[in-house]
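Structure data (mmCIF, C-alpha atoms) from start39.cif:
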```
data_work
#
loop_
_atom_site.label_atom_id
_atom_site.label_comp_id
_atom_site.auth_asym_id
_atom_site.auth_seq_id
_atom_site.Cartn_x
_atom_site.Cartn_y
_atom_site.Cartn_z
CA MET F 1 93.02 136.71 104.28
CA ASN F 2 92.27 133.02 103.95
CA ASN F 3 90.22 131.24 101.35
CA SER F 4 87.00 130.83 103.24
CA GLU F 5 86.87 134.54 103.89
CA HIS F 6 87.27 135.20 100.18
CA GLU F 7 84.37 132.91 99.50
CA THR F 8 82.16 134.64 102.04
CA HIS F 9 82.87 137.98 100.41
CA ALA F 10 82.12 136.70 96.93
CA CYS F 11 78.94 135.16 98.25
CA ASP F 12 77.90 138.42 99.94
CA ALA F 13 78.43 140.30 96.71
CA ARG F 14 76.32 137.79 94.78
CA THR F 15 73.48 137.97 97.32
CA ALA F 16 73.59 141.76 97.20
CA ALA F 17 73.45 141.78 93.39
CA LEU F 18 70.52 139.39 93.46
CA ALA F 19 68.66 141.48 96.04
CA GLY F 20 69.39 144.56 93.93
CA ARG F 21 67.91 142.96 90.82
CA ARG F 22 64.83 141.86 92.72
CA LEU F 23 64.39 145.43 93.96
CA TYR F 24 64.53 146.81 90.42
CA VAL F 25 61.97 144.28 89.17
CA THR F 26 59.64 144.98 92.11
CA ILE F 27 59.82 148.71 91.51
CA ALA F 28 59.24 148.39 87.76
CA LEU F 29 56.20 146.16 88.33
CA GLY F 30 54.95 148.51 91.03
CA ILE F 31 55.09 151.50 88.70
CA ALA F 32 53.30 149.62 85.89
CA LEU F 33 50.53 148.59 88.27
CA TRP F 34 50.35 152.15 89.59
CA VAL F 35 49.76 153.59 86.11
CA ALA F 36 47.16 150.93 85.29
CA ILE F 37 45.12 151.71 88.41
CA TYR F 38 45.62 155.47 88.40
CA THR F 39 44.29 155.94 84.88
CA HIS F 40 41.08 154.06 85.75
CA LEU F 41 40.24 155.70 89.06
CA HIS F 42 37.47 157.84 87.66
CA ASP F 43 35.59 154.91 86.16
CA LEU F 44 36.14 152.93 89.31
CA ALA F 45 34.66 155.69 91.49
CA ARG F 46 31.58 156.00 89.26
CA TRP F 47 31.12 152.25 89.08
CA LEU F 48 31.30 151.87 92.87
CA THR F 49 29.06 154.85 93.63
CA TYR F 50 26.27 154.22 91.15
CA GLY F 51 26.69 150.55 90.25
CA VAL F 52 27.68 148.83 93.48
CA PHE F 53 26.17 151.18 96.08
CA GLY F 54 23.29 152.09 93.77
CA LEU F 55 23.13 155.72 94.92
CA PRO F 56 20.79 157.99 92.94
CA GLU F 57 22.56 160.21 90.35
CA ALA F 58 23.22 163.77 91.44
CA SER F 59 22.09 163.23 95.01
CA ARG F 60 24.18 164.94 97.69
CA LEU F 61 25.29 161.69 99.22
CA ALA F 62 26.33 160.30 95.83
CA GLN F 63 28.38 163.43 95.11
CA SER F 64 30.19 163.13 98.44
CA VAL F 65 30.78 159.40 98.07
CA GLU F 66 32.00 159.63 94.47
CA PHE F 67 34.30 162.49 95.43
CA PHE F 68 35.80 160.49 98.27
CA ILE F 69 36.24 157.26 96.31
CA PHE F 70 37.95 159.16 93.52
CA GLU F 71 40.10 161.60 95.50
CA ALA F 72 41.29 159.40 98.35
CA PRO F 73 43.06 156.72 96.27
CA LYS F 74 44.22 159.34 93.76
CA VAL F 75 45.95 161.46 96.37
CA LEU F 76 47.37 158.47 98.24
CA MET F 77 48.75 156.98 95.03
CA LEU F 78 50.31 160.29 94.02
CA LEU F 79 51.83 160.53 97.48
CA VAL F 80 53.40 157.08 97.27
CA LEU F 81 54.94 157.73 93.85
CA VAL F 82 56.19 161.24 94.52
CA ILE F 83 57.48 160.52 98.03
CA PHE F 84 59.39 157.57 96.61
CA ALA F 85 61.01 159.85 94.03
CA VAL F 86 61.68 162.46 96.74
CA GLY F 87 63.35 159.80 98.88
CA VAL F 88 65.65 158.84 96.02
CA VAL F 89 66.53 162.50 95.38
CA ARG F 90 67.12 163.06 99.09
CA SER F 91 69.66 160.30 99.25
CA PHE F 92 71.88 162.81 97.44
CA PHE F 93 71.23 165.61 99.95
CA ALA F 94 72.24 164.72 103.48
CA PRO F 95 72.19 167.73 105.83
CA GLU F 96 75.97 167.41 106.14
CA ARG F 97 76.26 168.01 102.43
CA THR F 98 73.81 170.90 102.48
CA ARG F 99 75.81 172.44 105.28
CA ALA F 100 79.02 172.08 103.32
CA MET F 101 77.39 173.67 100.28
CA LEU F 102 76.15 176.64 102.29
CA ALA F 103 79.27 177.15 104.37
CA GLY F 104 81.13 179.18 101.75
CA LYS F 105 78.16 181.23 100.56
CA ARG F 106 77.67 184.92 101.20
CA GLU F 107 74.29 186.37 102.10
CA SER F 108 71.74 186.89 99.29
CA VAL F 109 73.19 184.10 97.15
CA GLY F 110 73.25 182.04 100.33
CA ASN F 111 69.59 182.81 101.06
CA VAL F 112 68.54 181.60 97.62
CA PHE F 113 70.62 178.44 97.93
CA ALA F 114 69.40 177.77 101.46
CA ALA F 115 65.72 178.09 100.50
CA CYS F 116 66.15 175.72 97.54
CA LEU F 117 68.12 173.22 99.62
CA GLY F 118 65.36 173.47 102.24
CA ILE F 119 63.05 171.73 99.76
CA VAL F 120 65.30 168.77 99.00
CA THR F 121 67.08 168.18 102.31
CA PRO F 122 65.35 165.68 104.59
CA PHE F 123 63.92 167.60 107.54
CA CYS F 124 61.69 167.01 110.48
CA SER F 125 60.93 169.63 113.08
CA CYS F 126 62.46 167.50 115.83
CA SER F 127 65.81 167.88 114.05
CA ALA F 128 65.50 171.65 113.82
CA VAL F 129 67.76 172.27 116.83
CA PRO F 130 70.74 170.08 115.89
CA LEU F 131 70.48 171.38 112.35
CA PHE F 132 70.43 174.99 113.51
CA ILE F 133 73.47 174.45 115.71
CA GLY F 134 75.25 172.60 112.93
CA PHE F 135 74.68 175.46 110.51
CA VAL F 136 75.73 178.16 112.99
CA GLU F 137 78.79 176.18 113.95
CA ALA F 138 79.83 175.92 110.29
CA GLY F 139 79.78 179.72 110.11
CA ILE F 140 76.67 179.92 107.93
CA PRO F 141 75.12 183.41 108.42
CA LEU F 142 72.00 183.53 110.63
CA GLY F 143 69.77 184.89 107.85
CA VAL F 144 70.83 182.08 105.50
CA THR F 145 70.10 179.51 108.21
CA PHE F 146 66.63 181.01 108.60
CA SER F 147 65.95 180.82 104.87
CA PHE F 148 66.55 177.11 105.21
CA LEU F 149 64.48 176.75 108.37
CA ILE F 150 61.50 178.53 106.79
CA ALA F 151 61.59 176.70 103.47
CA ALA F 152 62.09 173.21 104.87
CA PRO F 153 58.75 172.77 106.63
CA MET F 154 56.68 175.08 104.44
CA ILE F 155 57.56 173.77 100.99
CA ASN F 156 57.33 170.11 101.80
CA GLU F 157 56.73 167.25 99.44
CA VAL F 158 53.38 166.27 100.95
CA ALA F 159 52.02 169.80 100.43
CA ILE F 160 53.23 169.87 96.84
CA VAL F 161 51.68 166.49 96.02
CA LEU F 162 48.33 167.40 97.54
CA LEU F 163 48.23 170.76 95.81
CA PHE F 164 49.12 169.16 92.51
CA GLY F 165 46.58 166.38 92.96
CA MET F 166 43.67 168.57 94.07
CA PHE F 167 44.31 171.99 92.53
CA GLY F 168 46.54 171.20 89.56
CA ALA F 169 50.08 172.00 88.51
CA LYS F 170 49.61 175.77 88.32
CA VAL F 171 48.66 176.20 91.96
CA ALA F 172 51.40 173.79 93.07
CA LEU F 173 53.99 175.84 91.19
CA ILE F 174 52.62 179.11 92.60
CA TYR F 175 52.92 177.64 96.07
CA ILE F 176 56.53 176.58 95.52
CA ALA F 177 57.47 179.94 94.00
CA THR F 178 55.86 182.06 96.70
CA GLY F 179 57.13 179.77 99.45
CA LEU F 180 60.64 180.21 98.10
CA ALA F 181 60.17 183.97 97.85
CA ILE F 182 59.03 184.19 101.47
CA SER F 183 61.92 182.02 102.69
CA ILE F 184 64.52 184.01 100.78
CA LEU F 185 63.19 187.45 101.72
CA ALA F 186 62.39 186.62 105.34
CA GLY F 187 65.83 185.05 105.83
CA TRP F 188 67.50 187.99 104.14
CA THR F 189 65.58 190.44 106.35
CA ILE F 190 66.54 188.57 109.51
CA GLY F 191 70.16 188.66 108.33
CA ARG F 192 70.00 192.45 107.78
CA LEU F 193 68.60 193.01 111.26
CA LYS F 194 71.82 191.64 112.83
CA LEU F 195 70.15 189.53 115.48
CA GLU F 196 73.06 187.23 116.28
CA ARG F 197 73.00 188.33 119.93
CA TYR F 198 69.53 186.82 120.30
CA VAL F 199 70.79 183.34 119.67
CA GLU F 200 71.24 181.56 123.01
CA ASP F 201 74.85 182.08 124.07
CA TRP F 202 75.68 178.44 124.67
CA VAL F 203 75.10 177.67 120.99
CA TYR F 204 78.27 179.51 120.04
CA GLY F 205 80.26 177.53 122.56
CA ILE F 206 79.53 174.16 121.00
CA LYS F 207 82.28 172.41 119.15
CA MET F 208 81.15 169.73 116.82
CA ASP F 209 83.21 166.78 115.90
CA ASP F 210 84.05 167.03 112.27
CA GLN F 211 82.43 164.14 110.55
CA THR F 212 83.14 161.18 112.70
CA TYR F 213 81.09 159.22 110.26
CA THR F 214 80.45 158.82 106.61
CA ILE F 215 77.10 157.43 105.63
CA GLN F 216 76.64 157.27 101.93
CA TYR F 217 74.19 155.77 99.58
CA SER F 218 76.62 154.65 96.95
CA THR F 219 74.62 152.31 94.77
CA TRP F 220 71.31 152.83 93.01
CA ALA F 221 69.88 149.90 94.92
CA ASP F 222 70.68 151.80 98.14
CA ARG F 223 69.03 154.96 96.84
CA LEU F 224 65.90 153.13 95.69
CA GLY F 225 65.83 151.39 99.05
CA TYR F 226 65.99 154.77 100.74
CA GLY F 227 63.06 155.85 98.56
CA LEU F 228 61.02 152.94 99.90
CA ILE F 229 61.99 153.75 103.50
CA THR F 230 60.89 157.35 102.92
CA VAL F 231 57.53 156.17 101.61
CA ARG F 232 57.07 153.93 104.64
CA GLU F 233 57.97 156.74 107.03
CA ILE F 234 56.08 159.64 105.45
CA VAL F 235 53.05 158.03 103.82
CA GLY F 236 52.79 155.67 106.78
CA LYS F 237 52.41 158.74 108.98
CA VAL F 238 50.18 161.02 106.93
CA TRP F 239 47.62 158.68 105.37
CA PRO F 240 45.06 158.95 108.21
CA TYR F 241 45.19 162.76 107.91
CA VAL F 242 44.78 162.55 104.15
CA LEU F 243 41.72 160.32 104.51
CA ALA F 244 40.22 162.47 107.27
CA GLY F 245 40.87 165.64 105.29
CA ILE F 246 39.34 164.22 102.12
CA ALA F 247 36.35 162.89 104.09
CA VAL F 248 35.65 166.37 105.49
CA GLY F 249 36.27 167.82 102.03
CA ALA F 250 33.86 165.29 100.50
CA GLY F 251 31.19 166.29 103.01
CA ILE F 252 31.62 169.96 102.13
CA HIS F 253 31.69 169.07 98.42
CA GLY F 254 28.33 167.34 98.53
CA TYR F 255 26.41 169.23 101.20
CA VAL F 256 27.53 172.87 101.26
CA PRO F 257 25.86 174.98 98.55
CA GLU F 258 28.04 176.65 95.90
CA GLY F 259 29.23 180.16 96.59
CA VAL F 260 28.19 180.24 100.23
CA LEU F 261 31.69 181.22 101.36
CA ALA F 262 32.15 183.95 98.77
CA SER F 263 30.96 186.66 101.16
CA VAL F 264 33.20 185.71 104.12
CA MET F 265 36.25 184.26 102.38
CA GLY F 266 35.92 185.83 98.95
CA LYS F 267 38.28 188.24 97.20
CA SER F 268 36.36 191.36 98.07
CA THR F 269 36.60 190.84 101.83
CA TRP F 270 39.82 192.64 102.77
CA TRP F 271 40.01 191.26 106.30
CA SER F 272 39.72 187.62 105.31
CA VAL F 273 43.48 187.22 104.68
CA PRO F 274 44.67 188.43 108.11
CA VAL F 275 41.90 186.49 109.85
CA ALA F 276 42.89 183.33 107.97
CA VAL F 277 46.52 183.83 108.99
CA ILE F 278 45.70 184.59 112.62
CA ILE F 279 43.64 181.42 112.82
CA GLY F 280 46.29 179.46 110.92
CA VAL F 281 49.45 180.28 112.90
CA PRO F 282 48.57 178.61 116.22
CA MET F 283 46.91 175.71 114.40
CA TYR F 284 49.12 172.77 113.92
CA SER F 285 48.33 170.24 111.31
CA ASN F 286 50.31 168.82 108.49
CA ALA F 287 49.63 169.64 104.88
CA ALA F 288 47.90 166.29 104.48
CA GLY F 289 44.98 167.24 106.68
CA VAL F 290 44.59 170.87 105.67
CA ILE F 291 44.77 170.86 101.90
CA PRO F 292 41.72 168.67 101.13
CA VAL F 293 39.59 170.88 103.39
CA VAL F 294 41.01 174.02 101.83
CA HIS F 295 40.21 172.60 98.40
CA ALA F 296 36.58 172.17 99.37
CA LEU F 297 36.49 175.75 100.69
CA VAL F 298 37.78 177.14 97.40
CA GLU F 299 35.14 175.15 95.57
CA LYS F 300 32.47 176.89 97.62
CA GLY F 301 33.67 180.38 96.86
CA ALA F 302 36.65 181.09 99.12
CA ALA F 303 39.40 183.09 97.39
CA LEU F 304 42.56 181.17 96.53
CA GLY F 305 44.90 183.80 98.00
CA THR F 306 43.09 183.64 101.32
CA VAL F 307 43.27 179.87 101.59
CA LEU F 308 46.87 179.81 100.33
CA ALA F 309 47.76 182.19 103.16
CA PHE F 310 45.84 180.06 105.65
CA MET F 311 47.65 176.94 104.48
CA MET F 312 51.09 178.54 104.68
CA ALA F 313 50.33 179.81 108.17
CA VAL F 314 49.27 176.36 109.35
CA ILE F 315 52.16 174.48 107.75
CA GLY F 316 54.98 177.02 107.79
CA LEU F 317 54.65 178.34 111.31
CA SER F 318 53.84 175.80 113.95
CA LEU F 319 53.78 176.16 117.69
CA PRO F 320 55.67 172.92 118.40
CA GLU F 321 58.49 173.99 116.12
CA LEU F 322 58.68 177.40 117.80
CA ILE F 323 58.87 175.72 121.19
CA ILE F 324 61.68 173.51 119.94
CA LEU F 325 63.53 176.49 118.49
CA ARG F 326 63.14 178.39 121.76
CA LYS F 327 65.96 176.16 123.08
CA VAL F 328 68.43 177.89 120.78
CA LEU F 329 66.78 181.27 120.14
CA LYS F 330 65.90 183.99 122.61
CA ARG F 331 62.33 185.27 122.74
CA GLN F 332 63.11 188.41 120.74
CA LEU F 333 64.43 186.42 117.80
CA ILE F 334 61.46 184.05 117.87
CA ALA F 335 59.17 187.08 117.77
CA VAL F 336 61.03 188.60 114.82
CA PHE F 337 60.95 185.25 113.03
CA VAL F 338 57.18 184.91 113.45
CA ALA F 339 56.57 188.55 112.50
CA VAL F 340 58.67 188.44 109.35
CA VAL F 341 57.21 185.16 108.09
CA THR F 342 53.65 186.25 108.91
CA THR F 343 54.16 189.46 106.95
CA GLY F 344 55.36 187.42 103.98
CA ILE F 345 52.34 185.15 104.16
CA LEU F 346 49.96 188.10 104.33
CA ALA F 347 51.61 189.60 101.26
CA VAL F 348 51.16 186.33 99.37
CA GLY F 349 47.49 186.18 100.33
CA TYR F 350 46.76 189.71 99.09
CA LEU F 351 48.88 189.28 95.99
CA PHE F 352 46.98 186.21 94.84
CA ASN F 353 43.59 187.61 95.64
CA ALA F 354 44.56 190.57 93.46
CA ILE F 355 45.94 188.72 90.45
CA LEU F 356 44.14 185.36 90.27
CA MET X 1 80.42 146.97 122.73
CA LYS X 2 78.75 150.30 123.50
CA ILE X 3 75.44 151.17 121.89
CA GLN X 4 74.20 154.75 122.02
CA VAL X 5 70.95 156.10 120.62
CA LEU X 6 71.04 159.85 120.07
CA GLY X 7 67.76 161.72 120.16
CA THR X 8 66.04 164.54 121.97
CA GLY X 9 62.91 162.56 122.78
CA CYS X 10 60.84 162.85 119.63
CA PRO X 11 58.52 159.95 118.71
CA LYS X 12 61.01 158.68 116.11
CA CYS X 13 63.77 158.65 118.73
CA LYS X 14 61.66 156.61 121.11
CA GLN X 15 60.87 154.16 118.33
CA LEU X 16 64.57 153.75 117.54
CA ILE X 17 65.36 153.10 121.22
CA ALA X 18 62.61 150.46 121.37
CA ASN X 19 63.84 148.80 118.17
CA THR X 20 67.43 148.82 119.40
CA GLU X 21 66.48 147.29 122.74
CA GLN X 22 64.53 144.59 120.95
CA ALA X 23 67.44 143.82 118.63
CA VAL X 24 69.81 143.61 121.60
CA SER X 25 67.54 141.21 123.46
CA GLU X 26 66.87 139.11 120.34
CA LEU X 27 70.59 138.68 119.84
CA GLY X 28 70.98 137.91 123.55
CA LEU X 29 73.79 140.44 123.93
CA GLY X 30 72.78 141.52 127.41
CA LEU X 31 73.94 145.06 126.73
CA GLU X 32 72.61 148.34 128.03
CA VAL X 33 71.37 150.75 125.35
CA GLU X 34 72.60 154.19 126.32
CA LYS X 35 70.24 157.06 125.57
CA VAL X 36 71.95 160.32 124.68
CA SER X 37 69.31 163.04 124.89
CA GLU X 38 71.34 166.13 125.84
CA ILE X 39 71.65 168.28 122.73
CA THR X 40 75.22 169.34 123.50
CA GLU X 41 76.21 165.68 123.76
CA ILE X 42 74.45 164.85 120.50
CA MET X 43 76.25 167.67 118.72
CA LYS X 44 79.59 166.26 119.84
CA PHE X 45 78.92 163.35 117.51
CA GLY X 46 78.57 165.78 114.62
CA VAL X 47 75.00 164.63 114.10
CA MET X 48 72.46 167.04 112.62
CA MET X 49 69.54 164.68 112.18
CA THR X 50 67.99 162.71 114.98
CA PRO X 51 67.51 159.92 115.78
CA ALA X 52 70.98 158.53 115.29
CA ILE X 53 72.71 155.42 116.49
CA ALA X 54 76.37 155.04 117.43
CA ILE X 55 78.21 151.81 118.11
CA ASP X 56 81.45 152.07 120.06
CA GLY X 57 81.32 155.82 119.57
CA GLU X 58 81.03 155.58 115.81
CA VAL X 59 77.86 156.93 114.20
CA LYS X 60 76.19 154.29 112.05
CA SER X 61 72.93 155.88 111.00
CA VAL X 62 71.33 159.33 111.15
CA GLY X 63 67.79 160.60 110.76
CA LYS X 64 66.25 157.19 110.31
CA VAL X 65 64.26 154.77 112.41
CA LEU X 66 66.14 151.57 111.68
CA THR X 67 64.17 148.35 111.84
CA VAL X 68 65.02 145.64 114.35
CA GLN X 69 66.67 143.63 111.55
CA ASP X 70 68.74 146.64 110.40
CA ILE X 71 70.06 147.11 113.92
CA ALA X 72 70.70 143.40 114.37
CA SER X 73 72.87 143.36 111.26
CA LEU X 74 74.77 146.40 112.56
CA LEU X 75 75.39 144.63 115.84
CA SER X 76 76.53 141.31 114.40
CA PRO X 77 79.49 142.00 112.14
#
```

I need this file expressed as structure tokens, please.
Amino acid sequence: MNNSEHETHACDARTAALAGRRLYVTIALGIALWVAIYTHLHDLARWLTYGVFGLPEASRLAQSVEFFIFEAPKVLMLLVLVIFAVGVVRSFFAPERTRAMLAGKRESVGNVFAACLGIVTPFCSCSAVPLFIGFVEAGIPLGVTFSFLIAAPMINEVAIVLLFGMFGAKVALIYIATGLAISILAGWTIGRLKLERYVEDWVYGIKMDDQTYTIQYSTWADRLGYGLITVREIVGKVWPYVLAGIAVGAGIHGYVPEGVLASVMGKSTWWSVPVAVIIGVPMYSNAAGVIPVVHALVEKGAALGTVLAFMMAVIGLSLPELIILRKVLKRQLIAVFVAVVTTGILAVGYLFNAIL
Amino acid sequence: MKIQVLGTGCPKCKQLIANTEQAVSELGLGLEVEKVSEITEIMKFGVMMTPAIAIDGEVKSVGKVLTVQDIASLLSP
């Protein structure tokens, strides 16, 4: 290696260190600004609604407007912060690594692991097929693979943030816990049923190259950078749904009288849970659009178990994902998958209507 | 140099193809961007997250829509 090459390398390293430092400073400033704004949102919403727009106190319009001005930035800000953190965490959990962690696991333990990894591993439904094949090819049991495939879309970071922001920590934790329970039990059940023959035959014939590549985020600057990319990708995609959802929610908040839904979606109506699930399964929306609306429904007297079940049905089982999975699964297995997950969701709905 | 974008046709995959083509034309490389959309072919790369990009058969990025600049820096060593 000659001298000039040495110099270039030294120079590259210095530029990288400088860029890294700038990234840290930007992120620190960003977080400080975030806290400053977030803690004043309530005053800001009141000031805008009554001071700037001059809406009469306690009018319906004022209630809707104040609700929107408060909730929309609150939820979006929470999303940005949490998704950033999720991105950083995810830089530790590439699917390759998840696969390696699951490869040696037996069933049961494997189901629990797979469901938990489903939360932290980056996942989008368009990657469901390569991921499925990758897992099967690594010898991961079918039931364990399903635990992952159920948890990954259902317990997603956007859902958790919105639940936390609009319903509070308790409901967010309940959602995570029951989502995990459904993923573990449904995956375990599918494993017990021995349905391997209903996986499309060609899947077993595929030979994957073992790791022709190594992509690692080795430095903290890389990981933080990945956090920012994740924010750009996820928040950049869901913000219109969040705003639309909160706008509909704000309308319901201001204009629909209290308790009007108690008779149709309340605890005492036994059929409300299955109806909510039946409506929810074919519906396809992301958590961002559904949760603000669901929040408004609960406010007007709908039972939490019923809307939780509705939400899980919308987010956890989606038609596009089933169509994608049809490439690797025969009809019978798709049917079992839908039936098992639906049963789990129904159970959650009834359970929460009974205990909350 | 051979540039391959692996993806089954999801919106992210299309975006990565567009970005790659733009990077190639900005650098004036005059190369064809090969689209690998057959799942069995994608699996041969050992890729579990689409979209992915491979240069000369070596996977450089998975599960991410790289920006035009990102791709340009991959292409100009």

For stretch 130-142 of chain F, find every residue with an atom within 9 Å (counting only C-alpha atoms), except residues of its own chain fewer than 5 positions away, and show them as a VMD selection string. (chain F and resid 95 to 96 99 to 100 102 to 107 110 123 147 149 187 190 to 191 194 to 196 203 to 208 325 328) or (chain X and resid 39 to 40 42 to 43 46 to 50)

Enumerate, in order of chain and increasing residue number, the residues of chain X with an atom no farther than 10 Å from chain F, each with its shortest atom pair and distance in Å to one decimal, counting all atoms listed in the file, as a tab-separated table.
```
residue	atom	partner	partner_atom	distance
X:Gly7	CA	F:Ser127	CA	8.9
X:Thr8	CA	F:Cys126	CA	7.7
X:Gly9	CA	F:Cys126	CA	8.5
X:Cys10	CA	F:Cys126	CA	6.2
X:Pro11	CA	F:Cys126	CA	9.0
X:Lys12	CA	F:Cys126	CA	8.9
X:Cys13	CA	F:Cys126	CA	9.4
X:Ile39	CA	F:Pro130	CA	7.1
X:Thr40	CA	F:Ile206	CA	6.9
X:Glu41	CA	F:Met208	CA	9.4
X:Ile42	CA	F:Pro130	CA	7.9
X:Met43	CA	F:Met208	CA	5.6
X:Lys44	CA	F:Met208	CA	4.9
X:Phe45	CA	F:Asp209	CA	5.7
X:Gly46	CA	F:Asp209	CA	4.9
X:Val47	CA	F:Pro130	CA	7.1
X:Met48	CA	F:Leu131	CA	4.8
X:Met49	CA	F:Ser127	CA	5.3
X:Thr50	CA	F:Ser127	CA	5.7
X:Pro51	CA	F:Ser127	CA	8.3
X:Ala54	CA	F:Tyr213	CA	9.5
X:Gly57	CA	F:Thr212	CA	8.9
X:Glu58	CA	F:Tyr213	CA	6.6
X:Val59	CA	F:Tyr213	CA	5.6
X:Lys60	CA	F:Tyr213	CA	7.2
X:Ser61	CA	F:Ile215	CA	7.0
X:Val62	CA	F:Ile215	CA	8.2
X:Gly63	CA	F:Ser127	CA	8.2
X:Lys64	CA	F:Ile229	CA	8.7
X:Val65	CA	F:Glu233	CA	8.5
X:Leu66	CA	F:Ile229	CA	9.4
```

Best match for closeness to X:Leu31 among X:Met1, X:Leu74, X:Ala52, X:Val68, counting only C-alpha atoms: X:Met1

Result set, the PyMOL selection byres ((chain F and resi 85-90) around 7) on current file, as a PDB file with C-alpha atoms, in the frame of the given file:
```
ATOM      1  CA  LEU F  81      54.940 157.730  93.850  1.00  0.00           C
ATOM      2  CA  VAL F  82      56.190 161.240  94.520  1.00  0.00           C
ATOM      3  CA  ILE F  83      57.480 160.520  98.030  1.00  0.00           C
ATOM      4  CA  PHE F  84      59.390 157.570  96.610  1.00  0.00           C
ATOM      5  CA  SER F  91      69.660 160.300  99.250  1.00  0.00           C
ATOM      6  CA  PHE F  92      71.880 162.810  97.440  1.00  0.00           C
ATOM      7  CA  PHE F  93      71.230 165.610  99.950  1.00  0.00           C
ATOM      8  CA  ALA F  94      72.240 164.720 103.480  1.00  0.00           C
ATOM      9  CA  VAL F 120      65.300 168.770  99.000  1.00  0.00           C
ATOM     10  CA  THR F 121      67.080 168.180 102.310  1.00  0.00           C
ATOM     11  CA  PRO F 122      65.350 165.680 104.590  1.00  0.00           C
ATOM     12  CA  ARG F 223      69.030 154.960  96.840  1.00  0.00           C
ATOM     13  CA  LEU F 224      65.900 153.130  95.690  1.00  0.00           C
ATOM     14  CA  TYR F 226      65.990 154.770 100.740  1.00  0.00           C
ATOM     15  CA  GLY F 227      63.060 155.850  98.560  1.00  0.00           C
ATOM     16  CA  THR F 230      60.890 157.350 102.920  1.00  0.00           C
TER      17      THR F 230
END
```

Within 9 Å of F:Thr49 using all atoms listed in the file, minus same-chain residues under 2 positions, as an mmCIF file with C-alpha atoms, keeping the file's coordinate frame:
```
data_model
loop_
_atom_site.group_PDB
_atom_site.id
_atom_site.type_symbol
_atom_site.label_atom_id
_atom_site.label_comp_id
_atom_site.auth_asym_id
_atom_site.auth_seq_id
_atom_site.Cartn_x
_atom_site.Cartn_y
_atom_site.Cartn_z
ATOM 1 C CA LEU F 44 36.140 152.930 89.310
ATOM 2 C CA ALA F 45 34.660 155.690 91.490
ATOM 3 C CA ARG F 46 31.580 156.000 89.260
ATOM 4 C CA TRP F 47 31.120 152.250 89.080
ATOM 5 C CA GLY F 51 26.690 150.550 90.250
ATOM 6 C CA VAL F 52 27.680 148.830 93.480
ATOM 7 C CA PHE F 53 26.170 151.180 96.080
ATOM 8 C CA GLY F 54 23.290 152.090 93.770
ATOM 9 C CA LEU F 55 23.130 155.720 94.920
ATOM 10 C CA PRO F 56 20.790 157.990 92.940
ATOM 11 C CA ALA F 62 26.330 160.300 95.830
ATOM 12 C CA GLN F 63 28.380 163.430 95.110
ATOM 13 C CA VAL F 65 30.780 159.400 98.070
ATOM 14 C CA GLU F 66 32.000 159.630 94.470
ATOM 15 C CA ILE F 69 36.240 157.260 96.310
#
```

Residue by residue, what does the PyMOL selection byres ((chain F and resi 31) around 12) grab here? Present the result as number ranges by chain. F: 24-30, 32-38, 77-78, 80-82, 84-85

Just give me the gap between atom CA of F:Gly168 and atom CA of F:His42 in Å, one decimal is fine.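 Atom CA of F:His42 lies at a distance of 16.3 Å from atom CA of F:Gly168.
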
Option closest in space to X:Ile55, from X:Leu75, X:Ala18, X:Val36, X:Leu27 [counting all atoms listed in the file]: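 Once distances to X:Ile55 are computed over all atoms listed in the file, the minimum belongs to X:Leu75.
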
Give me the residues within 9 Å of F:Leu163 as number ranges by chain, counting all atoms listed in the file and dropping any in the same chain fewer than 6 places off. F: 169, 171-173, 175, 291-292, 295

Would you save the residues of that selection, restricted to C-alpha atoms, as a PDB file, in the coordinates of the input?
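Output below, filename result-v2.pdb:
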```pdb
ATOM      1  CA  ALA F 169      50.080 172.000  88.510  1.00  0.00           C
ATOM      2  CA  VAL F 171      48.660 176.200  91.960  1.00  0.00           C
ATOM      3  CA  ALA F 172      51.400 173.790  93.070  1.00  0.00           C
ATOM      4  CA  LEU F 173      53.990 175.840  91.190  1.00  0.00           C
ATOM      5  CA  TYR F 175      52.920 177.640  96.070  1.00  0.00           C
ATOM      6  CA  ILE F 291      44.770 170.860 101.900  1.00  0.00           C
ATOM      7  CA  PRO F 292      41.720 168.670 101.130  1.00  0.00           C
ATOM      8  CA  HIS F 295      40.210 172.600  98.400  1.00  0.00           C
TER       9      HIS F 295
END
```

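Going from atom CA of F:Asp222 to atom CA of F:Ile234 covers 18.1 Å.
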
Atomic separation - atom CA of F:Ala177 relative to atom CA of F:Phe67, Å: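 Separation between atom CA of F:Phe67 and atom CA of F:Ala177: 29.0 Å.
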
Tell me which residues the PyMOL selection byres ((chain F and resi 242) around 9) grabs here, as a list in words.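 Selected by the PyMOL selection byres ((chain F and resi 242) around 9) in this file: Ala72, Val75, Leu76, Leu162, Val238, Trp239, Pro240, Tyr241, Leu243, Ala244, Gly245, Ile246, Ala247, Ala287, Ala288, Gly289, Val290, Ile291 and Pro292 of chain F.
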